[in-house]
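Colleague: Got a structure here, written out as structure tokens. Questions coming.
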Amino acid sequence: MIFDSKEHLAQYKALGKNYETAVNFLLNTDLESLPLGKVEIDGNEVYASVVEYTTIPEESGKFETHENYSDIQYVIEGSEHMVYASRHELTPKTEYNAEKDITFYENDVKGIAMLTKKDFYCIFQPQDAHKPKVMVDSPAPIKKVIVKIKEQ
């Protein structure tokens, strides 16, 4: 798991070709003007989803992991806590859904909450369970882009 700000984003190009594509997209795109929905970047290798929602109480959130993709969850507007835990500390709540590349987990671990605000992001790799959407003080609107990076 990586938690960082936009000013350091370029250094993560070194993680591989798909990360380089993802980072270039984030650095060279007017993120605030992106429409909601899926954004094609490089086929199934790298793509993004632009989402808006209202943050929720931590106990209502769900830990999740992915097998085949890493996420860069980049906040465009607003702020939220993104909560991290090692997937090996958690109890699966659902079976792995291969079509959606996701497993959900019970909230049986507190995890580490990171205050993620505009131009900050978390990079979650397959071993990293994460619970996004968690409110800071009270429910609030947020817009973010989630870049999906196929693991090589």
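Every chain in the structure tokens has a letter given in the order shown (A, B, ...), and although residue numbers restart at 1 in each chain, ligands are simply numbered from 1 in the order shown.
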For region 98-114 of chain A, work out the shell of residues within 12 Å, counting only C-alpha atoms and skipping chain neighbours fewer than 3 positions away, then give it as a PDB file with N, CA and C atoms, in the first residue's frame.

Modeller:
ATOM      1  N   MET A   1       0.842  -1.166   0.000  1.00  0.00           N
ATOM      2  CA  MET A   1       0.000   0.000   0.000  1.00  0.00           C
ATOM      3  C   MET A   1       0.888   1.229   0.000  1.00  0.00           C
ATOM      4  N   ILE A   2       0.508   2.186  -0.811  1.00  0.00           N
ATOM      5  CA  ILE A   2       1.241   3.450  -0.905  1.00  0.00           C
ATOM      6  C   ILE A   2       0.233   4.576  -0.703  1.00  0.00           C
ATOM      7  N   PHE A   3       0.572   5.527   0.149  1.00  0.00           N
ATOM      8  CA  PHE A   3      -0.233   6.723   0.363  1.00  0.00           C
ATOM      9  C   PHE A   3       0.671   7.903   0.074  1.00  0.00           C
ATOM     10  N   ASP A   4       0.242   8.793  -0.848  1.00  0.00           N
ATOM     11  CA  ASP A   4       1.143   9.875  -1.261  1.00  0.00           C
ATOM     12  C   ASP A   4       0.332  11.007  -1.895  1.00  0.00           C
ATOM     13  N   SER A   5       1.056  12.050  -2.308  1.00  0.00           N
ATOM     14  CA  SER A   5       0.426  13.205  -2.945  1.00  0.00           C
ATOM     15  C   SER A   5       0.909  13.339  -4.394  1.00  0.00           C
ATOM     16  N   GLU A  58     -17.608   4.457   8.942  1.00  0.00           N
ATOM     17  CA  GLU A  58     -16.637   3.372   8.760  1.00  0.00           C
ATOM     18  C   GLU A  58     -17.270   1.994   8.896  1.00  0.00           C
ATOM     19  N   GLU A  59     -18.162   1.825   9.852  1.00  0.00           N
ATOM     20  CA  GLU A  59     -18.766   0.510  10.071  1.00  0.00           C
ATOM     21  C   GLU A  59     -19.650   0.075   8.905  1.00  0.00           C
ATOM     22  N   SER A  60     -20.052   1.001   8.051  1.00  0.00           N
ATOM     23  CA  SER A  60     -20.857   0.661   6.878  1.00  0.00           C
ATOM     24  C   SER A  60     -20.000   0.306   5.666  1.00  0.00           C
ATOM     25  N   GLY A  61     -18.709   0.603   5.734  1.00  0.00           N
ATOM     26  CA  GLY A  61     -17.813   0.324   4.613  1.00  0.00           C
ATOM     27  C   GLY A  61     -17.465  -1.149   4.526  1.00  0.00           C
ATOM     28  N   LYS A  62     -16.851  -1.519   3.395  1.00  0.00           N
ATOM     29  CA  LYS A  62     -16.476  -2.914   3.161  1.00  0.00           C
ATOM     30  C   LYS A  62     -15.019  -2.984   2.728  1.00  0.00           C
ATOM     31  N   PHE A  63     -14.259  -3.852   3.397  1.00  0.00           N
ATOM     32  CA  PHE A  63     -12.914  -4.147   2.915  1.00  0.00           C
ATOM     33  C   PHE A  63     -13.044  -4.958   1.636  1.00  0.00           C
ATOM     34  N   GLU A  64     -12.123  -4.715   0.694  1.00  0.00           N
ATOM     35  CA  GLU A  64     -12.113  -5.442  -0.573  1.00  0.00           C
ATOM     36  C   GLU A  64     -10.681  -5.684  -1.014  1.00  0.00           C
ATOM     37  N   THR A  65     -10.494  -6.706  -1.828  1.00  0.00           N
ATOM     38  CA  THR A  65      -9.214  -6.944  -2.499  1.00  0.00           C
ATOM     39  C   THR A  65      -9.496  -7.350  -3.936  1.00  0.00           C
ATOM     40  N   HIS A  66      -8.445  -7.287  -4.734  1.00  0.00           N
ATOM     41  CA  HIS A  66      -8.504  -7.683  -6.138  1.00  0.00           C
ATOM     42  C   HIS A  66      -7.345  -8.637  -6.405  1.00  0.00           C
ATOM     43  N   GLU A  67      -7.536  -9.571  -7.292  1.00  0.00           N
ATOM     44  CA  GLU A  67      -6.498 -10.554  -7.613  1.00  0.00           C
ATOM     45  C   GLU A  67      -5.625 -10.114  -8.787  1.00  0.00           C
ATOM     46  N   ASN A  68      -6.233  -9.491  -9.788  1.00  0.00           N
ATOM     47  CA  ASN A  68      -5.544  -9.239 -11.049  1.00  0.00           C
ATOM     48  C   ASN A  68      -5.199  -7.784 -11.309  1.00  0.00           C
ATOM     49  N   TYR A  69      -5.729  -6.874 -10.514  1.00  0.00           N
ATOM     50  CA  TYR A  69      -5.501  -5.450 -10.727  1.00  0.00           C
ATOM     51  C   TYR A  69      -5.095  -4.759  -9.437  1.00  0.00           C
ATOM     52  N   SER A  70      -4.239  -3.760  -9.583  1.00  0.00           N
ATOM     53  CA  SER A  70      -3.968  -2.808  -8.514  1.00  0.00           C
ATOM     54  C   SER A  70      -4.843  -1.593  -8.769  1.00  0.00           C
ATOM     55  N   ASP A  71      -5.104  -0.829  -7.718  1.00  0.00           N
ATOM     56  CA  ASP A  71      -5.873   0.404  -7.824  1.00  0.00           C
ATOM     57  C   ASP A  71      -4.986   1.588  -7.484  1.00  0.00           C
ATOM     58  N   SER A  79     -12.818  14.805   0.446  1.00  0.00           N
ATOM     59  CA  SER A  79     -11.873  14.002   1.214  1.00  0.00           C
ATOM     60  C   SER A  79     -12.590  12.819   1.846  1.00  0.00           C
ATOM     61  N   GLU A  80     -11.834  11.793   2.102  1.00  0.00           N
ATOM     62  CA  GLU A  80     -12.354  10.586   2.736  1.00  0.00           C
ATOM     63  C   GLU A  80     -11.226   9.885   3.460  1.00  0.00           C
ATOM     64  N   HIS A  81     -11.581   8.981   4.351  1.00  0.00           N
ATOM     65  CA  HIS A  81     -10.594   8.066   4.902  1.00  0.00           C
ATOM     66  C   HIS A  81     -10.596   6.828   4.013  1.00  0.00           C
ATOM     67  N   MET A  82      -9.414   6.422   3.580  1.00  0.00           N
ATOM     68  CA  MET A  82      -9.266   5.121   2.946  1.00  0.00           C
ATOM     69  C   MET A  82      -8.570   4.262   3.988  1.00  0.00           C
ATOM     70  N   VAL A  83      -9.164   3.115   4.279  1.00  0.00           N
ATOM     71  CA  VAL A  83      -8.685   2.266   5.361  1.00  0.00           C
ATOM     72  C   VAL A  83      -7.962   1.066   4.761  1.00  0.00           C
ATOM     73  N   TYR A  84      -6.772   0.789   5.291  1.00  0.00           N
ATOM     74  CA  TYR A  84      -5.933  -0.313   4.815  1.00  0.00           C
ATOM     75  C   TYR A  84      -5.842  -1.408   5.877  1.00  0.00           C
ATOM     76  N   ALA A  85      -5.802  -2.649   5.414  1.00  0.00           N
ATOM     77  CA  ALA A  85      -5.471  -3.799   6.259  1.00  0.00           C
ATOM     78  C   ALA A  85      -4.854  -4.869   5.367  1.00  0.00           C
ATOM     79  N   SER A  86      -4.033  -5.703   5.951  1.00  0.00           N
ATOM     80  CA  SER A  86      -3.492  -6.843   5.207  1.00  0.00           C
ATOM     81  C   SER A  86      -4.625  -7.838   4.969  1.00  0.00           C
ATOM     82  N   ARG A  87      -4.738  -8.310   3.756  1.00  0.00           N
ATOM     83  CA  ARG A  87      -5.825  -9.250   3.438  1.00  0.00           C
ATOM     84  C   ARG A  87      -5.759 -10.498   4.300  1.00  0.00           C
ATOM     85  N   HIS A  88      -4.561 -10.861   4.766  1.00  0.00           N
ATOM     86  CA  HIS A  88      -4.396 -12.086   5.550  1.00  0.00           C
ATOM     87  C   HIS A  88      -4.920 -11.949   6.978  1.00  0.00           C
ATOM     88  N   GLU A  89      -5.222 -10.720   7.400  1.00  0.00           N
ATOM     89  CA  GLU A  89      -5.791 -10.484   8.727  1.00  0.00           C
ATOM     90  C   GLU A  89      -7.317 -10.547   8.720  1.00  0.00           C
ATOM     91  N   LEU A  90      -7.916 -10.589   7.543  1.00  0.00           N
ATOM     92  CA  LEU A  90      -9.360 -10.461   7.414  1.00  0.00           C
ATOM     93  C   LEU A  90     -10.056 -11.786   7.118  1.00  0.00           C
ATOM     94  N   THR A  91     -11.327 -11.837   7.460  1.00  0.00           N
ATOM     95  CA  THR A  91     -12.168 -12.999   7.183  1.00  0.00           C
ATOM     96  C   THR A  91     -13.002 -12.708   5.936  1.00  0.00           C
ATOM     97  N   PRO A  92     -12.875 -13.530   4.888  1.00  0.00           N
ATOM     98  CA  PRO A  92     -13.676 -13.291   3.686  1.00  0.00           C
ATOM     99  C   PRO A  92     -15.174 -13.312   3.999  1.00  0.00           C
ATOM    100  N   LYS A  93     -15.888 -12.372   3.393  1.00  0.00           N
ATOM    101  CA  LYS A  93     -17.344 -12.290   3.519  1.00  0.00           C
ATOM    102  C   LYS A  93     -18.006 -12.887   2.291  1.00  0.00           C
ATOM    103  N   THR A  94     -17.321 -12.772   1.136  1.00  0.00           N
ATOM    104  CA  THR A  94     -17.835 -13.320  -0.112  1.00  0.00           C
ATOM    105  C   THR A  94     -16.744 -14.153  -0.774  1.00  0.00           C
ATOM    106  N   GLU A  95     -17.153 -14.998  -1.671  1.00  0.00           N
ATOM    107  CA  GLU A  95     -16.196 -15.725  -2.508  1.00  0.00           C
ATOM    108  C   GLU A  95     -15.642 -14.744  -3.537  1.00  0.00           C
ATOM    109  N   LYS A 117      -7.270  13.470   0.672  1.00  0.00           N
ATOM    110  CA  LYS A 117      -7.970  14.659   0.192  1.00  0.00           C
ATOM    111  C   LYS A 117      -7.529  14.975  -1.235  1.00  0.00           C
ATOM    112  N   PHE A 120      -4.419  13.720  -3.401  1.00  0.00           N
ATOM    113  CA  PHE A 120      -3.759  12.628  -2.693  1.00  0.00           C
ATOM    114  C   PHE A 120      -4.341  11.329  -3.225  1.00  0.00           C
ATOM    115  N   TYR A 121      -3.623  10.239  -3.034  1.00  0.00           N
ATOM    116  CA  TYR A 121      -4.062   8.958  -3.561  1.00  0.00           C
ATOM    117  C   TYR A 121      -3.491   7.825  -2.734  1.00  0.00           C
ATOM    118  N   CYS A 122      -4.108   6.676  -2.901  1.00  0.00           N
ATOM    119  CA  CYS A 122      -3.605   5.424  -2.342  1.00  0.00           C
ATOM    120  C   CYS A 122      -3.440   4.451  -3.501  1.00  0.00           C
ATOM    121  N   ILE A 123      -2.346   3.722  -3.457  1.00  0.00           N
ATOM    122  CA  ILE A 123      -2.130   2.635  -4.414  1.00  0.00           C
ATOM    123  C   ILE A 123      -2.295   1.340  -3.634  1.00  0.00           C
ATOM    124  N   PRO A 126      -2.728  -6.238  -4.982  1.00  0.00           N
ATOM    125  CA  PRO A 126      -3.608  -7.361  -4.637  1.00  0.00           C
ATOM    126  C   PRO A 126      -3.534  -7.831  -3.179  1.00  0.00           C
ATOM    127  N   GLN A 127      -2.422  -7.706  -2.528  1.00  0.00           N
ATOM    128  CA  GLN A 127      -2.322  -8.145  -1.129  1.00  0.00           C
ATOM    129  C   GLN A 127      -2.913  -7.134  -0.143  1.00  0.00           C
ATOM    130  N   ASP A 128      -3.295  -5.966  -0.640  1.00  0.00           N
ATOM    131  CA  ASP A 128      -3.765  -4.873   0.212  1.00  0.00           C
ATOM    132  C   ASP A 128      -5.286  -4.814   0.257  1.00  0.00           C
ATOM    133  N   ALA A 129      -5.860  -5.160   1.397  1.00  0.00           N
ATOM    134  CA  ALA A 129      -7.293  -4.947   1.569  1.00  0.00           C
ATOM    135  C   ALA A 129      -7.506  -3.458   1.801  1.00  0.00           C
ATOM    136  N   HIS A 130      -8.583  -2.933   1.254  1.00  0.00           N
ATOM    137  CA  HIS A 130      -8.865  -1.516   1.407  1.00  0.00           C
ATOM    138  C   HIS A 130     -10.362  -1.287   1.528  1.00  0.00           C
ATOM    139  N   LYS A 131     -10.684  -0.273   2.328  1.00  0.00           N
ATOM    140  CA  LYS A 131     -12.067   0.125   2.558  1.00  0.00           C
ATOM    141  C   LYS A 131     -12.159   1.603   2.214  1.00  0.00           C
ATOM    142  N   PRO A 132     -12.616   1.925   1.006  1.00  0.00           N
ATOM    143  CA  PRO A 132     -12.790   3.322   0.616  1.00  0.00           C
ATOM    144  C   PRO A 132     -14.132   3.854   1.106  1.00  0.00           C
ATOM    145  N   LYS A 133     -14.399   5.109   0.804  1.00  0.00           N
ATOM    146  CA  LYS A 133     -15.689   5.759   1.036  1.00  0.00           C
ATOM    147  C   LYS A 133     -15.940   6.157   2.480  1.00  0.00           C
ATOM    148  N   VAL A 134     -14.972   6.018   3.379  1.00  0.00           N
ATOM    149  CA  VAL A 134     -15.218   6.281   4.790  1.00  0.00           C
ATOM    150  C   VAL A 134     -15.188   7.789   5.069  1.00  0.00           C
ATOM    151  N   MET A 135     -16.240   8.276   5.737  1.00  0.00           N
ATOM    152  CA  MET A 135     -16.361   9.709   6.011  1.00  0.00           C
ATOM    153  C   MET A 135     -15.286  10.168   6.998  1.00  0.00           C
ATOM    154  N   VAL A 136     -14.943  11.453   6.913  1.00  0.00           N
ATOM    155  CA  VAL A 136     -13.964  12.036   7.817  1.00  0.00           C
ATOM    156  C   VAL A 136     -14.654  12.439   9.121  1.00  0.00           C
ATOM    157  N   LYS A 148      -7.364   1.334 -12.668  1.00  0.00           N
ATOM    158  CA  LYS A 148      -7.133  -0.102 -12.522  1.00  0.00           C
ATOM    159  C   LYS A 148      -5.925  -0.482 -13.368  1.00  0.00           C
ATOM    160  N   ILE A 149      -4.943  -1.126 -12.727  1.00  0.00           N
ATOM    161  CA  ILE A 149      -3.681  -1.474 -13.367  1.00  0.00           C
ATOM    162  C   ILE A 149      -3.529  -2.987 -13.343  1.00  0.00           C
ATOM    163  N   LYS A 150      -3.517  -3.605 -14.503  1.00  0.00           N
ATOM    164  CA  LYS A 150      -3.360  -5.064 -14.554  1.00  0.00           C
ATOM    165  C   LYS A 150      -1.958  -5.442 -14.088  1.00  0.00           C
TER     166      LYS A 150
END

Colleague: Taking 3 positions as the minimum chain separation for residues in the same chain, which residues sit within 12 Å of region 42-54 of chain A when counting only C-alpha atoms? Answer as a PyMOL selection string.

Modeller: chain A and resi 16-26+29+31-39+57+61+68-80+132-136+138-152

Colleague: Could you give me the residues within chain A that DSSP places in strand (DSSP E or B), as a ChimeraX atom specification?

Modeller: /A:2-5,37-42,44,46-54,56,63-65,69-77,79-86,92,97,102-105,112-117,120-124,128-134,141-150

Colleague: Work out how far apart CA of Asn97 (chain A) and CA of Leu15 (chain A) are and give it in Å to one decimal.

Modeller: 26.2 Å

Colleague: Out of region 2-133 of chain A, which residues get helix (DSSP H, G or I) from DSSP, as number ranges by chain?

Modeller: A: 6-15, 17-28, 31-33, 58-60, 87-89

Colleague: Write the residues of the selection above to a file with N, CA and C atoms, as an mmCIF file, in the first residue's frame.

Modeller:
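Done, and the output landed in out-v3.cif:
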data_model
loop_
_atom_site.group_PDB
_atom_site.id
_atom_site.type_symbol
_atom_site.label_atom_id
_atom_site.label_comp_id
_atom_site.auth_asym_id
_atom_site.auth_seq_id
_atom_site.Cartn_x
_atom_site.Cartn_y
_atom_site.Cartn_z
ATOM 1 N N LYS A 6 0.183 14.154 -5.148
ATOM 2 C CA LYS A 6 0.450 14.322 -6.578
ATOM 3 C C LYS A 6 1.905 14.682 -6.874
ATOM 4 N N GLU A 7 2.522 15.477 -6.013
ATOM 5 C CA GLU A 7 3.888 15.925 -6.288
ATOM 6 C C GLU A 7 4.889 14.771 -6.390
ATOM 7 N N HIS A 8 4.558 13.597 -5.856
ATOM 8 C CA HIS A 8 5.467 12.450 -5.906
ATOM 9 C C HIS A 8 5.006 11.354 -6.867
ATOM 10 N N LEU A 9 3.926 11.608 -7.574
ATOM 11 C CA LEU A 9 3.312 10.565 -8.400
ATOM 12 C C LEU A 9 4.254 10.003 -9.465
ATOM 13 N N ALA A 10 5.062 10.844 -10.080
ATOM 14 C CA ALA A 10 5.914 10.398 -11.196
ATOM 15 C C ALA A 10 6.869 9.272 -10.805
ATOM 16 N N GLN A 11 7.279 9.220 -9.557
ATOM 17 C CA GLN A 11 8.239 8.181 -9.161
ATOM 18 C C GLN A 11 7.660 6.773 -9.254
ATOM 19 N N TYR A 12 6.329 6.651 -9.273
ATOM 20 C CA TYR A 12 5.723 5.326 -9.327
ATOM 21 C C TYR A 12 5.656 4.754 -10.745
ATOM 22 N N LYS A 13 6.121 5.517 -11.734
ATOM 23 C CA LYS A 13 6.262 4.977 -13.088
ATOM 24 C C LYS A 13 7.224 3.796 -13.085
ATOM 25 N N ALA A 14 8.156 3.801 -12.153
ATOM 26 C CA ALA A 14 9.184 2.760 -12.087
ATOM 27 C C ALA A 14 8.624 1.394 -11.699
ATOM 28 N N LEU A 15 7.377 1.326 -11.290
ATOM 29 C CA LEU A 15 6.786 0.045 -10.896
ATOM 30 C C LEU A 15 6.444 -0.846 -12.087
ATOM 31 N N LYS A 17 5.493 -0.998 -16.726
ATOM 32 C CA LYS A 17 4.891 -0.359 -17.900
ATOM 33 C C LYS A 17 3.464 0.111 -17.638
ATOM 34 N N ASN A 18 2.641 -0.734 -17.027
ATOM 35 C CA ASN A 18 1.255 -0.348 -16.783
ATOM 36 C C ASN A 18 1.150 0.787 -15.767
ATOM 37 N N TYR A 19 2.033 0.791 -14.783
ATOM 38 C CA TYR A 19 2.047 1.906 -13.831
ATOM 39 C C TYR A 19 2.459 3.197 -14.535
ATOM 40 N N GLU A 20 3.419 3.096 -15.445
ATOM 41 C CA GLU A 20 3.837 4.278 -16.190
ATOM 42 C C GLU A 20 2.662 4.854 -16.983
ATOM 43 N N THR A 21 1.897 3.974 -17.627
ATOM 44 C CA THR A 21 0.717 4.417 -18.380
ATOM 45 C C THR A 21 -0.286 5.090 -17.453
ATOM 46 N N ALA A 22 -0.537 4.482 -16.295
ATOM 47 C CA ALA A 22 -1.497 5.031 -15.334
ATOM 48 C C ALA A 22 -1.049 6.383 -14.807
ATOM 49 N N VAL A 23 0.214 6.495 -14.440
ATOM 50 C CA VAL A 23 0.741 7.751 -13.904
ATOM 51 C C VAL A 23 0.693 8.844 -14.965
ATOM 52 N N ASN A 24 1.073 8.525 -16.196
ATOM 53 C CA ASN A 24 1.004 9.513 -17.274
ATOM 54 C C ASN A 24 -0.428 10.012 -17.460
ATOM 55 N N PHE A 25 -1.394 9.106 -17.376
ATOM 56 C CA PHE A 25 -2.801 9.505 -17.482
ATOM 57 C C PHE A 25 -3.151 10.501 -16.365
ATOM 58 N N LEU A 26 -2.797 10.168 -15.134
ATOM 59 C CA LEU A 26 -3.145 11.032 -13.999
ATOM 60 C C LEU A 26 -2.452 12.392 -14.074
ATOM 61 N N LEU A 27 -1.221 12.412 -14.550
ATOM 62 C CA LEU A 27 -0.471 13.668 -14.605
ATOM 63 C C LEU A 27 -0.830 14.541 -15.806
ATOM 64 N N ASN A 28 -1.309 13.933 -16.885
ATOM 65 C CA ASN A 28 -1.524 14.674 -18.129
ATOM 66 C C ASN A 28 -2.987 14.839 -18.516
ATOM 67 N N LEU A 31 -8.303 16.095 -14.707
ATOM 68 C CA LEU A 31 -9.143 15.165 -13.957
ATOM 69 C C LEU A 31 -10.478 15.779 -13.554
ATOM 70 N N GLU A 32 -10.478 17.058 -13.249
ATOM 71 C CA GLU A 32 -11.714 17.708 -12.803
ATOM 72 C C GLU A 32 -12.784 17.740 -13.887
ATOM 73 N N SER A 33 -12.386 17.709 -15.152
ATOM 74 C CA SER A 33 -13.374 17.766 -16.238
ATOM 75 C C SER A 33 -13.781 16.386 -16.751
ATOM 76 N N GLU A 58 -17.608 4.457 8.942
ATOM 77 C CA GLU A 58 -16.637 3.372 8.760
ATOM 78 C C GLU A 58 -17.270 1.994 8.896
ATOM 79 N N GLU A 59 -18.162 1.825 9.852
ATOM 80 C CA GLU A 59 -18.766 0.510 10.071
ATOM 81 C C GLU A 59 -19.650 0.075 8.905
ATOM 82 N N SER A 60 -20.052 1.001 8.051
ATOM 83 C CA SER A 60 -20.857 0.661 6.878
ATOM 84 C C SER A 60 -20.000 0.306 5.666
ATOM 85 N N ARG A 87 -4.738 -8.310 3.756
ATOM 86 C CA ARG A 87 -5.825 -9.250 3.438
ATOM 87 C C ARG A 87 -5.759 -10.498 4.300
ATOM 88 N N HIS A 88 -4.561 -10.861 4.766
ATOM 89 C CA HIS A 88 -4.396 -12.086 5.550
ATOM 90 C C HIS A 88 -4.920 -11.949 6.978
ATOM 91 N N GLU A 89 -5.222 -10.720 7.400
ATOM 92 C CA GLU A 89 -5.791 -10.484 8.727
ATOM 93 C C GLU A 89 -7.317 -10.547 8.720
#
